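Below: work_12.pdb (PDB, C-alpha atoms)
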```pdb
ATOM      1  CA  MET A   1     -14.594  -9.593  19.791
ATOM      2  CA  THR A   2     -15.589  -6.646  17.593
ATOM      3  CA  ASP A   3     -18.908  -5.060  18.531
ATOM      4  CA  THR A   4     -21.344  -6.671  16.094
ATOM      5  CA  ARG A   5     -23.098  -3.345  15.624
ATOM      6  CA  HIS A   6     -19.959  -2.090  13.903
ATOM      7  CA  GLN A   7     -18.732  -5.269  12.230
ATOM      8  CA  VAL A   8     -17.829  -4.974   8.581
ATOM      9  CA  VAL A   9     -18.763  -8.206   6.797
ATOM     10  CA  VAL A  10     -18.353  -9.298   3.180
ATOM     11  CA  VAL A  11     -20.605 -12.072   1.847
ATOM     12  CA  THR A  12     -20.062 -13.454  -1.640
ATOM     13  CA  GLY A  13     -22.974 -15.060  -3.428
ATOM     14  CA  ALA A  14     -25.238 -12.877  -1.312
ATOM     15  CA  SER A  15     -28.089 -12.529  -3.796
ATOM     16  CA  GLY A  16     -29.701 -15.890  -3.020
ATOM     17  CA  GLY A  17     -29.656 -19.108  -1.018
ATOM     18  CA  ILE A  18     -27.259 -19.516   1.893
ATOM     19  CA  GLY A  19     -25.441 -16.281   1.051
ATOM     20  CA  ARG A  20     -28.719 -14.344   1.203
ATOM     21  CA  ALA A  21     -29.651 -15.889   4.557
ATOM     22  CA  VAL A  22     -26.169 -15.206   5.952
ATOM     23  CA  ALA A  23     -26.254 -11.563   4.838
ATOM     24  CA  ARG A  24     -29.690 -11.120   6.400
ATOM     25  CA  ALA A  25     -28.506 -12.674   9.685
ATOM     26  CA  PHE A  26     -25.543 -10.306   9.895
ATOM     27  CA  GLY A  27     -27.891  -7.428   9.098
ATOM     28  CA  ALA A  28     -30.059  -8.428  12.061
ATOM     29  CA  ARG A  29     -26.971  -7.918  14.235
ATOM     30  CA  HIS A  30     -26.735  -4.370  12.824
ATOM     31  CA  ALA A  31     -23.509  -5.142  10.980
ATOM     32  CA  ARG A  32     -22.276  -3.304   7.903
ATOM     33  CA  VAL A  33     -22.658  -5.879   5.171
ATOM     34  CA  ALA A  34     -21.126  -5.795   1.702
ATOM     35  CA  LEU A  35     -22.937  -8.016  -0.782
ATOM     36  CA  LEU A  36     -21.036  -9.480  -3.726
ATOM     37  CA  ALA A  37     -22.963 -11.200  -6.519
ATOM     38  CA  ARG A  38     -23.751 -10.863 -10.220
ATOM     39  CA  GLY A  39     -27.558 -10.745 -10.111
ATOM     40  CA  GLU A  40     -29.032  -7.247 -10.067
ATOM     41  CA  GLN A  41     -32.466  -8.133  -8.694
ATOM     42  CA  GLY A  42     -31.095 -10.393  -5.974
ATOM     43  CA  LEU A  43     -28.509  -7.844  -4.882
ATOM     44  CA  LYS A  44     -31.096  -5.085  -4.608
ATOM     45  CA  ALA A  45     -33.510  -7.282  -2.663
ATOM     46  CA  ALA A  46     -30.743  -8.561  -0.363
ATOM     47  CA  ALA A  47     -29.721  -4.980   0.413
ATOM     48  CA  ASP A  48     -33.349  -4.156   1.240
ATOM     49  CA  ASP A  49     -33.461  -7.189   3.576
ATOM     50  CA  ILE A  50     -30.401  -6.020   5.470
ATOM     51  CA  ARG A  51     -31.652  -2.468   5.880
ATOM     52  CA  ALA A  52     -35.036  -3.737   7.049
ATOM     53  CA  ALA A  53     -33.249  -5.904   9.639
ATOM     54  CA  GLY A  54     -31.348  -2.895  10.991
ATOM     55  CA  GLY A  55     -28.002  -3.258   9.235
ATOM     56  CA  THR A  56     -26.101  -1.254   6.646
ATOM     57  CA  ALA A  57     -25.935  -2.679   3.117
ATOM     58  CA  LEU A  58     -23.450  -2.127   0.315
ATOM     59  CA  PRO A  59     -24.394  -4.111  -2.811
ATOM     60  CA  ILE A  60     -21.496  -4.600  -5.229
ATOM     61  CA  PRO A  61     -21.992  -6.348  -8.573
ATOM     62  CA  ALA A  62     -18.996  -8.650  -9.015
ATOM     63  CA  ASP A  63     -17.993 -11.959 -10.562
ATOM     64  CA  VAL A  64     -15.835 -13.777  -7.999
ATOM     65  CA  ALA A  65     -14.079 -15.670 -10.799
ATOM     66  CA  ASP A  66     -12.402 -12.371 -11.760
ATOM     67  CA  VAL A  67      -9.661 -11.550  -9.246
ATOM     68  CA  GLU A  68      -9.533  -7.894 -10.298
ATOM     69  CA  GLN A  69     -13.248  -7.471  -9.616
ATOM     70  CA  VAL A  70     -12.837  -9.088  -6.201
ATOM     71  CA  GLU A  71      -9.910  -6.850  -5.258
ATOM     72  CA  ALA A  72     -11.765  -3.756  -6.467
ATOM     73  CA  ALA A  73     -14.791  -4.779  -4.403
ATOM     74  CA  ALA A  74     -12.625  -5.209  -1.290
ATOM     75  CA  ASP A  75     -11.129  -1.749  -1.814
ATOM     76  CA  ARG A  76     -14.596  -0.259  -2.103
ATOM     77  CA  VAL A  77     -15.777  -2.003   1.060
ATOM     78  CA  GLU A  78     -12.922  -0.594   3.118
ATOM     79  CA  GLU A  79     -13.384   2.879   1.645
ATOM     80  CA  GLU A  80     -17.141   3.018   2.282
ATOM     81  CA  LEU A  81     -17.721   0.757   5.290
ATOM     82  CA  GLY A  82     -14.356   0.470   7.040
ATOM     83  CA  PRO A  83     -11.825  -2.314   7.738
ATOM     84  CA  ILE A  84     -13.178  -5.761   6.943
ATOM     85  CA  ASP A  85     -13.712  -7.935  10.040
ATOM     86  CA  VAL A  86     -15.336 -11.012   8.476
ATOM     87  CA  TRP A  87     -15.245 -12.394   4.940
ATOM     88  CA  VAL A  88     -17.694 -15.204   4.092
ATOM     89  CA  ASN A  89     -17.164 -17.137   0.845
ATOM     90  CA  VAL A  90     -20.417 -18.654  -0.430
ATOM     91  CA  ALA A  91     -20.647 -17.935  -4.179
ATOM     92  CA  PHE A  92     -20.785 -20.940  -6.477
ATOM     93  CA  THR A  93     -22.239 -22.338  -9.660
ATOM     94  CA  SER A  94     -22.576 -25.904 -10.866
ATOM     95  CA  VAL A  95     -23.824 -28.322 -13.500
ATOM     96  CA  PHE A  96     -26.213 -31.176 -12.737
ATOM     97  CA  ALA A  97     -25.170 -33.863 -15.217
ATOM     98  CA  ARG A  98     -23.164 -37.016 -15.656
ATOM     99  CA  PHE A  99     -19.480 -36.224 -16.104
ATOM    100  CA  ALA A 100     -19.623 -37.423 -19.734
ATOM    101  CA  ASP A 101     -22.289 -34.793 -20.447
ATOM    102  CA  ILE A 102     -20.344 -31.808 -19.077
ATOM    103  CA  ARG A 103     -18.407 -29.727 -21.614
ATOM    104  CA  PRO A 104     -14.805 -28.723 -20.819
ATOM    105  CA  GLU A 105     -15.615 -25.011 -20.730
ATOM    106  CA  GLU A 106     -18.474 -25.677 -18.304
ATOM    107  CA  PHE A 107     -16.275 -27.662 -15.945
ATOM    108  CA  ARG A 108     -13.696 -24.877 -16.065
ATOM    109  CA  ARG A 109     -16.307 -22.229 -15.309
ATOM    110  CA  VAL A 110     -17.609 -24.156 -12.281
ATOM    111  CA  THR A 111     -14.045 -24.497 -11.006
ATOM    112  CA  GLU A 112     -13.283 -20.814 -11.529
ATOM    113  CA  VAL A 113     -16.380 -19.658  -9.640
ATOM    114  CA  SER A 114     -16.800 -22.348  -7.003
ATOM    115  CA  TYR A 115     -13.130 -22.899  -6.148
ATOM    116  CA  LEU A 116     -11.010 -20.002  -7.415
ATOM    117  CA  GLY A 117     -13.702 -17.580  -6.282
ATOM    118  CA  TYR A 118     -12.993 -18.743  -2.724
ATOM    119  CA  VAL A 119      -9.251 -18.414  -3.292
ATOM    120  CA  TYR A 120      -9.554 -14.886  -4.672
ATOM    121  CA  GLY A 121     -11.924 -13.843  -1.886
ATOM    122  CA  THR A 122      -9.569 -15.230   0.745
ATOM    123  CA  MET A 123      -6.610 -13.459  -0.880
ATOM    124  CA  ALA A 124      -8.461 -10.142  -0.849
ATOM    125  CA  ALA A 125      -9.439 -10.625   2.796
ATOM    126  CA  LEU A 126      -5.972 -11.642   3.976
ATOM    127  CA  ASN A 127      -4.286  -8.808   2.057
ATOM    128  CA  ARG A 128      -6.192  -6.449   4.328
ATOM    129  CA  MET A 129      -6.539  -8.459   7.542
ATOM    130  CA  LYS A 130      -2.985  -9.705   8.001
ATOM    131  CA  PRO A 131      -1.368  -6.243   8.348
ATOM    132  CA  ARG A 132      -3.921  -5.529  11.109
ATOM    133  CA  ASP A 133      -3.414  -9.037  12.598
ATOM    134  CA  ARG A 134      -7.126  -9.625  13.069
ATOM    135  CA  GLY A 135     -10.125 -10.910  11.168
ATOM    136  CA  ALA A 136     -11.959 -14.088  10.220
ATOM    137  CA  VAL A 137     -12.587 -15.871   6.933
ATOM    138  CA  VAL A 138     -15.415 -18.412   6.771
ATOM    139  CA  GLN A 139     -15.473 -20.910   3.902
ATOM    140  CA  VAL A 140     -18.961 -22.302   3.324
ATOM    141  CA  GLY A 141     -18.315 -25.921   2.448
ATOM    142  CA  SER A 142     -20.363 -29.075   2.196
ATOM    143  CA  ALA A 143     -20.385 -32.706   3.157
ATOM    144  CA  LEU A 144     -19.408 -33.069  -0.515
ATOM    145  CA  ALA A 145     -16.004 -31.588   0.365
ATOM    146  CA  TYR A 146     -15.241 -35.063   1.738
ATOM    147  CA  ARG A 147     -17.704 -37.306  -0.104
ATOM    148  CA  GLY A 148     -18.247 -37.023  -3.847
ATOM    149  CA  ILE A 149     -21.643 -38.001  -5.271
ATOM    150  CA  PRO A 150     -22.848 -38.729  -8.820
ATOM    151  CA  LEU A 151     -24.198 -35.966 -11.088
ATOM    152  CA  GLN A 152     -22.124 -33.296  -9.305
ATOM    153  CA  SER A 153     -18.525 -34.006 -10.333
ATOM    154  CA  ALA A 154     -17.613 -30.355 -11.004
ATOM    155  CA  TYR A 155     -19.122 -29.109  -7.741
ATOM    156  CA  CYS A 156     -17.645 -31.951  -5.669
ATOM    157  CA  GLY A 157     -14.226 -31.329  -7.223
ATOM    158  CA  ALA A 158     -14.411 -27.657  -6.268
ATOM    159  CA  LYS A 159     -15.485 -28.411  -2.687
ATOM    160  CA  HIS A 160     -12.691 -30.971  -2.280
ATOM    161  CA  ALA A 161     -10.248 -28.351  -3.563
ATOM    162  CA  ILE A 162     -11.508 -25.771  -1.073
ATOM    163  CA  GLN A 163     -11.015 -28.270   1.737
ATOM    164  CA  GLY A 164      -7.374 -28.869   0.801
ATOM    165  CA  PHE A 165      -6.759 -25.148   0.316
ATOM    166  CA  HIS A 166      -8.341 -24.383   3.687
ATOM    167  CA  GLU A 167      -6.223 -26.928   5.543
ATOM    168  CA  SER A 168      -2.997 -25.678   3.957
ATOM    169  CA  LEU A 169      -3.762 -22.038   4.674
ATOM    170  CA  ARG A 170      -4.806 -22.742   8.261
ATOM    171  CA  CYS A 171      -1.500 -24.495   8.951
ATOM    172  CA  GLU A 172       0.398 -21.495   7.592
ATOM    173  CA  LEU A 173      -1.553 -19.023   9.739
ATOM    174  CA  LEU A 174      -1.001 -21.189  12.822
ATOM    175  CA  SER A 175       2.731 -21.350  12.126
ATOM    176  CA  GLU A 176       2.804 -17.547  11.911
ATOM    177  CA  ARG A 177       0.780 -17.200  15.139
ATOM    178  CA  SER A 178      -1.498 -14.944  13.141
ATOM    179  CA  GLY A 179      -4.446 -13.144  14.644
ATOM    180  CA  VAL A 180      -6.362 -13.883  11.444
ATOM    181  CA  HIS A 181      -8.370 -17.117  11.552
ATOM    182  CA  VAL A 182      -9.963 -19.291   8.876
ATOM    183  CA  THR A 183     -12.662 -21.872   9.433
ATOM    184  CA  MET A 184     -14.907 -24.000   7.241
ATOM    185  CA  VAL A 185     -18.569 -24.903   7.680
ATOM    186  CA  GLN A 186     -19.603 -28.218   6.098
ATOM    187  CA  MET A 187     -23.253 -27.979   5.085
ATOM    188  CA  PRO A 188     -25.948 -30.618   4.539
ATOM    189  CA  ALA A 189     -28.577 -30.463   1.783
ATOM    190  CA  VAL A 190     -30.163 -27.008   1.950
ATOM    191  CA  ASN A 191     -33.373 -25.682   0.419
ATOM    192  CA  THR A 192     -31.868 -23.009  -1.835
ATOM    193  CA  PRO A 193     -32.933 -21.733  -5.285
ATOM    194  CA  GLN A 194     -29.951 -23.430  -6.951
ATOM    195  CA  PHE A 195     -32.149 -26.368  -7.946
ATOM    196  CA  SER A 196     -34.179 -23.978 -10.090
ATOM    197  CA  TRP A 197     -31.308 -22.125 -11.727
ATOM    198  CA  VAL A 198     -28.225 -24.373 -11.973
ATOM    199  CA  LEU A 199     -27.496 -25.693 -15.456
ATOM    200  CA  SER A 200     -29.105 -29.136 -15.575
ATOM    201  CA  ARG A 201     -29.035 -31.927 -18.120
ATOM    202  CA  LEU A 202     -31.103 -34.240 -15.948
ATOM    203  CA  PRO A 203     -34.443 -35.522 -17.254
ATOM    204  CA  HIS A 204     -36.220 -34.591 -14.013
ATOM    205  CA  HIS A 205     -36.276 -31.554 -11.729
ATOM    206  CA  ALA A 206     -33.174 -31.500  -9.504
ATOM    207  CA  GLN A 207     -33.600 -31.596  -5.738
ATOM    208  CA  PRO A 208     -31.412 -31.656  -2.624
ATOM    209  CA  VAL A 209     -30.869 -35.115  -1.134
ATOM    210  CA  PRO A 210     -33.117 -35.427   1.969
ATOM    211  CA  PRO A 211     -33.004 -34.595   4.817
ATOM    212  CA  ILE A 212     -33.214 -30.969   3.711
ATOM    213  CA  TYR A 213     -32.489 -27.962   5.936
ATOM    214  CA  GLN A 214     -33.661 -24.391   5.566
ATOM    215  CA  PRO A 215     -31.052 -21.690   4.706
ATOM    216  CA  GLU A 216     -31.498 -20.095   8.127
ATOM    217  CA  VAL A 217     -29.953 -23.195   9.737
ATOM    218  CA  ALA A 218     -26.890 -22.684   7.555
ATOM    219  CA  ALA A 219     -26.829 -18.962   8.365
ATOM    220  CA  ARG A 220     -26.831 -19.596  12.119
ATOM    221  CA  ALA A 221     -23.883 -21.943  11.678
ATOM    222  CA  VAL A 222     -21.939 -19.367   9.662
ATOM    223  CA  ILE A 223     -22.599 -16.620  12.211
ATOM    224  CA  TYR A 224     -21.378 -18.869  15.007
ATOM    225  CA  ALA A 225     -18.309 -19.906  13.003
ATOM    226  CA  ALA A 226     -17.439 -16.266  12.307
ATOM    227  CA  ASP A 227     -17.607 -15.539  16.034
ATOM    228  CA  HIS A 228     -15.557 -18.659  16.883
ATOM    229  CA  ALA A 229     -13.221 -18.926  13.907
ATOM    230  CA  ARG A 230     -10.384 -20.606  15.795
ATOM    231  CA  ARG A 231     -12.069 -23.976  15.353
ATOM    232  CA  ARG A 232     -10.884 -25.896  12.280
ATOM    233  CA  GLU A 233     -14.351 -26.639  10.911
ATOM    234  CA  TYR A 234     -18.000 -27.128  11.773
ATOM    235  CA  TRP A 235     -20.364 -29.895  10.659
ATOM    236  CA  VAL A 236     -24.001 -28.901  10.225
ATOM    237  CA  GLY A 237     -26.828 -31.437  10.353
ATOM    238  CA  GLY A 238     -26.988 -35.061  11.378
ATOM    239  CA  SER A 239     -26.825 -36.109   7.715
ATOM    240  CA  THR A 240     -23.442 -34.392   7.336
ATOM    241  CA  VAL A 241     -22.077 -36.163  10.396
ATOM    242  CA  SER A 242     -23.360 -39.587   9.298
ATOM    243  CA  THR A 243     -22.088 -39.108   5.730
ATOM    244  CA  LEU A 244     -18.599 -38.093   6.791
ATOM    245  CA  ILE A 245     -18.332 -40.911   9.333
ATOM    246  CA  ALA A 246     -19.586 -43.492   6.814
ATOM    247  CA  ASN A 247     -17.126 -42.216   4.226
ATOM    248  CA  ALA A 248     -14.249 -42.484   6.689
ATOM    249  CA  VAL A 249     -15.196 -46.001   7.797
ATOM    250  CA  ALA A 250     -16.513 -47.663   4.640
ATOM    251  CA  PRO A 251     -16.021 -45.492   1.535
ATOM    252  CA  GLY A 252     -16.264 -48.437  -0.858
ATOM    253  CA  ILE A 253     -19.655 -49.460   0.461
ATOM    254  CA  LEU A 254     -20.799 -45.844   0.185
ATOM    255  CA  ASP A 255     -19.606 -45.781  -3.448
ATOM    256  CA  ARG A 256     -21.882 -48.699  -4.266
ATOM    257  CA  TYR A 257     -24.826 -47.289  -2.327
ATOM    258  CA  LEU A 258     -24.575 -43.947  -4.144
ATOM    259  CA  ALA A 259     -24.213 -45.716  -7.483
ATOM    260  CA  LYS A 260     -27.633 -47.281  -6.846
ATOM    261  CA  ALA A 261     -29.471 -44.505  -5.030
ATOM    262  CA  GLY A 262     -27.547 -41.293  -5.693
ATOM    263  CA  LEU A 263     -28.993 -40.507  -9.107
ATOM    264  CA  ARG A 264     -32.635 -41.051  -8.173
ATOM    265  CA  SER A 265     -32.425 -39.205  -4.841
ATOM    266  CA  GLN A 266     -31.258 -36.004  -6.554
ATOM    267  CA  GLN A 267     -34.327 -35.766  -8.805
ATOM    268  CA  THR A 268     -38.037 -35.327  -8.198
ATOM    269  CA  PRO A 269     -40.580 -37.365 -10.184
ATOM    270  CA  ASP A 270     -41.453 -34.195 -12.140
ATOM    271  CA  PRO A 271     -39.801 -33.446 -15.484
ATOM    272  CA  LYS A 272     -37.292 -30.613 -15.652
ATOM    273  CA  PRO A 273     -39.219 -27.372 -16.294
ATOM    274  CA  ALA A 274     -39.079 -26.171 -19.865
ATOM    275  CA  GLY A 275     -37.002 -23.024 -20.202
ATOM    276  CA  GLN A 276     -35.354 -23.392 -16.790
ATOM    277  CA  PRO A 277     -32.679 -20.678 -16.466
ATOM    278  CA  ALA A 278     -29.009 -21.513 -15.985
ATOM    279  CA  ASN A 279     -26.729 -19.175 -14.049
ATOM    280  CA  LEU A 280     -23.443 -20.673 -15.256
ATOM    281  CA  TRP A 281     -22.546 -17.840 -17.627
ATOM    282  CA  LYS A 282     -24.959 -15.117 -16.561
ATOM    283  CA  PRO A 283     -27.050 -14.559 -13.418
ATOM    284  CA  ALA A 284     -30.542 -16.021 -13.398
ATOM    285  CA  ASP A 285     -31.763 -12.859 -11.647
ATOM    286  CA  GLY A 286     -30.088 -10.400 -14.006
ATOM    287  CA  ALA A 287     -31.723  -7.619 -15.976
ATOM    288  CA  GLY A 288     -35.331  -8.579 -16.574
ATOM    289  CA  GLY A 289     -35.082 -11.460 -14.090
ATOM    290  CA  HIS A 290     -36.628 -11.751 -10.674
ATOM    291  CA  ASP A 291     -35.454 -12.123  -7.104
ATOM    292  CA  TYR A 292     -35.206 -15.791  -6.089
ATOM    293  CA  GLY A 293     -34.619 -15.079  -2.389
ATOM    294  CA  ALA A 294     -33.022 -17.444   0.102
ATOM    295  CA  HIS A 295     -35.464 -20.366  -0.120
ATOM    296  CA  GLY A 296     -35.923 -22.851  -2.913
ATOM    297  CA  GLU A 297     -39.010 -24.865  -3.838
ATOM    298  CA  PHE A 298     -38.813 -27.402  -1.015
ATOM    299  CA  ASP A 299     -40.155 -25.558   2.027
ATOM    300  CA  GLY A 300     -42.648 -28.343   2.676
ATOM    301  CA  LYS A 301     -39.847 -30.922   2.913
ATOM    302  CA  SER A 302     -37.332 -28.824   4.878
ATOM    303  CA  THR A 303     -36.604 -28.452   8.573
ATOM    304  CA  PRO A 304     -35.838 -25.087  10.197
ATOM    305  CA  ARG A 305     -33.640 -26.510  12.954
ATOM    306  CA  SER A 306     -30.747 -28.883  13.587
ATOM    307  CA  LEU A 307     -30.208 -30.606  16.914
ATOM    308  CA  GLN A 308     -26.691 -31.502  15.781
ATOM    309  CA  LEU A 309     -25.872 -27.817  15.176
ATOM    310  CA  TRP A 310     -27.087 -26.936  18.673
ATOM    311  CA  ALA A 311     -24.971 -29.745  20.109
ATOM    312  CA  GLY A 312     -21.933 -28.582  18.148
ATOM    313  CA  ARG A 313     -22.309 -25.047  19.476
ATOM    314  CA  HIS A 314     -22.713 -26.309  23.062
ATOM    315  CA  HIS A 315     -20.198 -29.145  23.080
ATOM    316  CA  GLY A 316     -18.548 -27.777  26.216
ATOM    317  CA  LEU A 317     -21.845 -27.764  28.088
ATOM    318  CA  LEU A 318     -22.702 -31.258  26.878
ATOM    319  CA  ALA A 319     -19.259 -32.542  27.851
ATOM    320  CA  GLY A 320     -19.680 -31.020  31.298
ATOM    321  CA  CYS A 321     -23.135 -32.539  31.713
ATOM    322  CA  GLY A 322     -21.823 -35.879  30.512
ATOM    323  CA  GLY A 323     -18.968 -35.725  33.002
ATOM    324  CA  ALA A 324     -21.307 -34.790  35.832
ATOM    325  CA  ALA A 325     -23.661 -37.633  34.925
ATOM    326  CA  ALA A 326     -20.767 -40.093  34.807
ATOM    327  CA  ALA A 327     -19.502 -38.908  38.194
ATOM    328  CA  ALA A 328     -22.978 -39.210  39.704
ATOM    329  CA  GLY A 329     -23.354 -42.676  38.231
ATOM    330  CA  LEU A 330     -19.991 -43.755  39.628
ATOM    331  CA  ALA A 331     -20.905 -42.408  43.089
ATOM    332  CA  TRP A 332     -24.233 -44.266  42.992
ATOM    333  CA  TRP A 333     -22.476 -47.489  41.936
ATOM    334  CA  ARG A 334     -20.001 -47.211  44.815
ATOM    335  CA  ARG A 335     -22.783 -46.653  47.328
ATOM    336  CA  ALA A 336     -24.769 -49.550  45.882
ATOM    337  CA  ARG A 337     -21.810 -51.854  46.486
TER     338      ARG A 337
END
```
What would you get if you wrote out this structure as structure tokens?
Amino acid sequence: MTDTRHQVVVVTGASGGIGRAVARAFGARHARVALLARGEQGLKAAADDIRAAGGTALPIPADVADVEQVEAAADRVEEELGPIDVWVNVAFTSVFARFADIRPEEFRRVTEVSYLGYVYGTMAALNRMKPRDRGAVVQVGSALAYRGIPLQSAYCGAKHAIQGFHESLRCELLSERSGVHVTMVQMPAVNTPQFSWVLSRLPHHAQPVPPIYQPEVAARAVIYAADHARRREYWVGGSTVSTLIANAVAPGILDRYLAKAGLRSQQTPDPKPAGQPANLWKPADGAGGHDYGAHGEFDGKSTPRSLQLWAGRHHGLLAGCGGAAAAAGLAWWRRAR
């Protein structure tokens, strides 16, 4: 594996939320990190975070929905930092609303950023990685890539699309015996600033569906996935595992449960703040804005760790321990006879 002190990493959506936490985590490994986002204040603050952690930062203002901007950013990264080793797609936008309340141009914009942004980022990465026959692309996904929920039709559609795109691309790379690997990390509900800046037509303040995890949990998963990108995908959090299993076993029952509980669980009792910004068309932390950071408003309700993530990273150890325990149990049973 490439020495992490010299890794060149690109993180899209790096100005806030999971992207910000991921960029900071790579910076702590002394990597050279390129930050792609639209927000000026968030980009500047993210770059400061990385430098403070011991890494090298290259902030690049870019809209991932514009393929020419993405390609130009990739060129700049390789010119200033060196060959790209890892590309992490995180950038997204969304609309919290019933489908009937979403305008066509808004749905298109969500799709262009949250789905095509991943496609364009992956294209830019592979255009440079495949000739070298090395590199890793990490798609930051969600349990919603498998299980759609109410009030997030545009976002769920984009995540489902990324999942299908990822599977198709992975098959092609395997057939080519490529040294470039793609993996996807399916996230649970995470305490990010999106609930304060995503366009919302809900009567109450939007919130992640509990249980809620801190962005650093997501960042640790992404770092691990980048280092072990041969695996098809990673599931983060017990809620992700239970949701995906329930959806595979009894999707119809889950439909009815979410129809009853899914709308209420995504809103706090508080009314939506007056004048809440919306980052659909322009960044919430643009000129005159402020840095939102990695964390949202739900620190008091969020957990900084995931036992399931630890288990997923140590599945070989757990399997070995399980096998040893089974063997010991069998030996004891034979003696007891």
Might you spell out which residues the PyMOL selection byres ((chain A and resi 20) around 9) would select in the displayed file, as an mmCIF file with C-alpha atoms, keeping the file's coordinate frame?
```cif
data_model
loop_
_atom_site.group_PDB
_atom_site.id
_atom_site.type_symbol
_atom_site.label_atom_id
_atom_site.label_comp_id
_atom_site.auth_asym_id
_atom_site.auth_seq_id
_atom_site.Cartn_x
_atom_site.Cartn_y
_atom_site.Cartn_z
ATOM 1 C CA VAL A 11 -20.605 -12.072 1.847
ATOM 2 C CA GLY A 13 -22.974 -15.060 -3.428
ATOM 3 C CA ALA A 14 -25.238 -12.877 -1.312
ATOM 4 C CA SER A 15 -28.089 -12.529 -3.796
ATOM 5 C CA GLY A 16 -29.701 -15.890 -3.020
ATOM 6 C CA GLY A 17 -29.656 -19.108 -1.018
ATOM 7 C CA ILE A 18 -27.259 -19.516 1.893
ATOM 8 C CA GLY A 19 -25.441 -16.281 1.051
ATOM 9 C CA ALA A 21 -29.651 -15.889 4.557
ATOM 10 C CA VAL A 22 -26.169 -15.206 5.952
ATOM 11 C CA ALA A 23 -26.254 -11.563 4.838
ATOM 12 C CA ARG A 24 -29.690 -11.120 6.400
ATOM 13 C CA ALA A 25 -28.506 -12.674 9.685
ATOM 14 C CA LEU A 35 -22.937 -8.016 -0.782
ATOM 15 C CA GLY A 42 -31.095 -10.393 -5.974
ATOM 16 C CA LEU A 43 -28.509 -7.844 -4.882
ATOM 17 C CA ALA A 46 -30.743 -8.561 -0.363
ATOM 18 C CA ASP A 49 -33.461 -7.189 3.576
ATOM 19 C CA PRO A 215 -31.052 -21.690 4.706
ATOM 20 C CA ALA A 219 -26.829 -18.962 8.365
ATOM 21 C CA GLY A 293 -34.619 -15.079 -2.389
ATOM 22 C CA ALA A 294 -33.022 -17.444 0.102
#
```
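Minimum distance to Pro104 (chain A) across A:Leu36, A:Ala189, A:Leu263, A:Ala154 (counting all atoms listed in the file) occurs at A:Ala154.
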Expected selection from the PyMOL selection byres ((chain A and resi 182-185) around 6), given as a ChimeraX atom specification
/A:136-141,181,186,229,232-234
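Residue nearest Gly55 (chain A), chosen from A:Ala250, A:Leu202, A:Val8, A:Ala73 and counting all atoms listed in the file: A:Val8.
Minimum atom-to-atom distance to Leu254 (chain A), evaluated using only C-alpha atoms, belongs to A:Ile149 out of A:Val217, A:Ile102, A:Ala72, A:Ile149.
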#### Entry: Residues in the PyMOL selection byres ((chain A and resi 107) around 9), expressed as an NGL selection string
:A and (94-95 or 102-106 or 108-112 or 153-155)
re CA of Ile223 (chain A) and CA of Met187 (chain A): distance 13.4 Å
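As for CA of Gln207 (chain A) and CA of Ala225 (chain A), they are spaced 26.9 Å apart.
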*asked:* Applying 10 Å and all atoms listed in the file, which residues near Lys282 (chain A) remain after dropping the ones on its own chain fewer than 4 positions away? List them as number ranges by chain.
replied: A: 38-39, 63, 277-278, 286
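From CA of Thr12 (chain A) back to CA of Ala125 (chain A), the distance works out to 11.9 Å.
Distances here use all atoms listed in the file; by that measure, the residue among A:Arg201, A:Lys130, A:His295, A:Lys301 closest to Pro271 (chain A) is A:Arg201.
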Supply region 75-84 of chain A as a JSON list (two decimals), in the frame of the given file, with N, CA and C atoms built in where the input has gaps.
```json
[["chain", "number", "residue", "atom", "x", "y", "z"],
["A", 75, "ASP", "N", -11.55, -3.15, -1.99],
["A", 75, "ASP", "CA", -11.13, -1.75, -1.81],
["A", 75, "ASP", "C", -12.34, -0.86, -1.53],
["A", 76, "ARG", "N", -13.40, -1.08, -2.29],
["A", 76, "ARG", "CA", -14.60, -0.26, -2.10],
["A", 76, "ARG", "C", -15.22, -0.47, -0.73],
["A", 77, "VAL", "N", -15.22, -1.71, -0.27],
["A", 77, "VAL", "CA", -15.78, -2.00, 1.06],
["A", 77, "VAL", "C", -15.03, -1.22, 2.13],
["A", 78, "GLU", "N", -13.71, -1.27, 2.07],
["A", 78, "GLU", "CA", -12.92, -0.59, 3.12],
["A", 78, "GLU", "C", -13.04, 0.92, 3.02],
["A", 79, "GLU", "N", -13.22, 1.43, 1.81],
["A", 79, "GLU", "CA", -13.38, 2.88, 1.64],
["A", 79, "GLU", "C", -14.74, 3.36, 2.17],
["A", 80, "GLU", "N", -15.79, 2.56, 1.96],
["A", 80, "GLU", "CA", -17.14, 3.02, 2.28],
["A", 80, "GLU", "C", -17.67, 2.51, 3.62],
["A", 81, "LEU", "N", -17.21, 1.32, 4.05],
["A", 81, "LEU", "CA", -17.72, 0.76, 5.29],
["A", 81, "LEU", "C", -16.68, 0.70, 6.41],
["A", 82, "GLY", "N", -15.40, 0.59, 6.04],
["A", 82, "GLY", "CA", -14.36, 0.47, 7.04],
["A", 82, "GLY", "C", -13.60, -0.84, 6.91],
["A", 83, "PRO", "N", -12.63, -1.09, 7.80],
["A", 83, "PRO", "CA", -11.82, -2.31, 7.74],
["A", 83, "PRO", "C", -12.68, -3.57, 7.84],
["A", 84, "ILE", "N", -12.40, -4.52, 6.99],
["A", 84, "ILE", "CA", -13.18, -5.76, 6.94],
["A", 84, "ILE", "C", -12.84, -6.64, 8.15]]
```
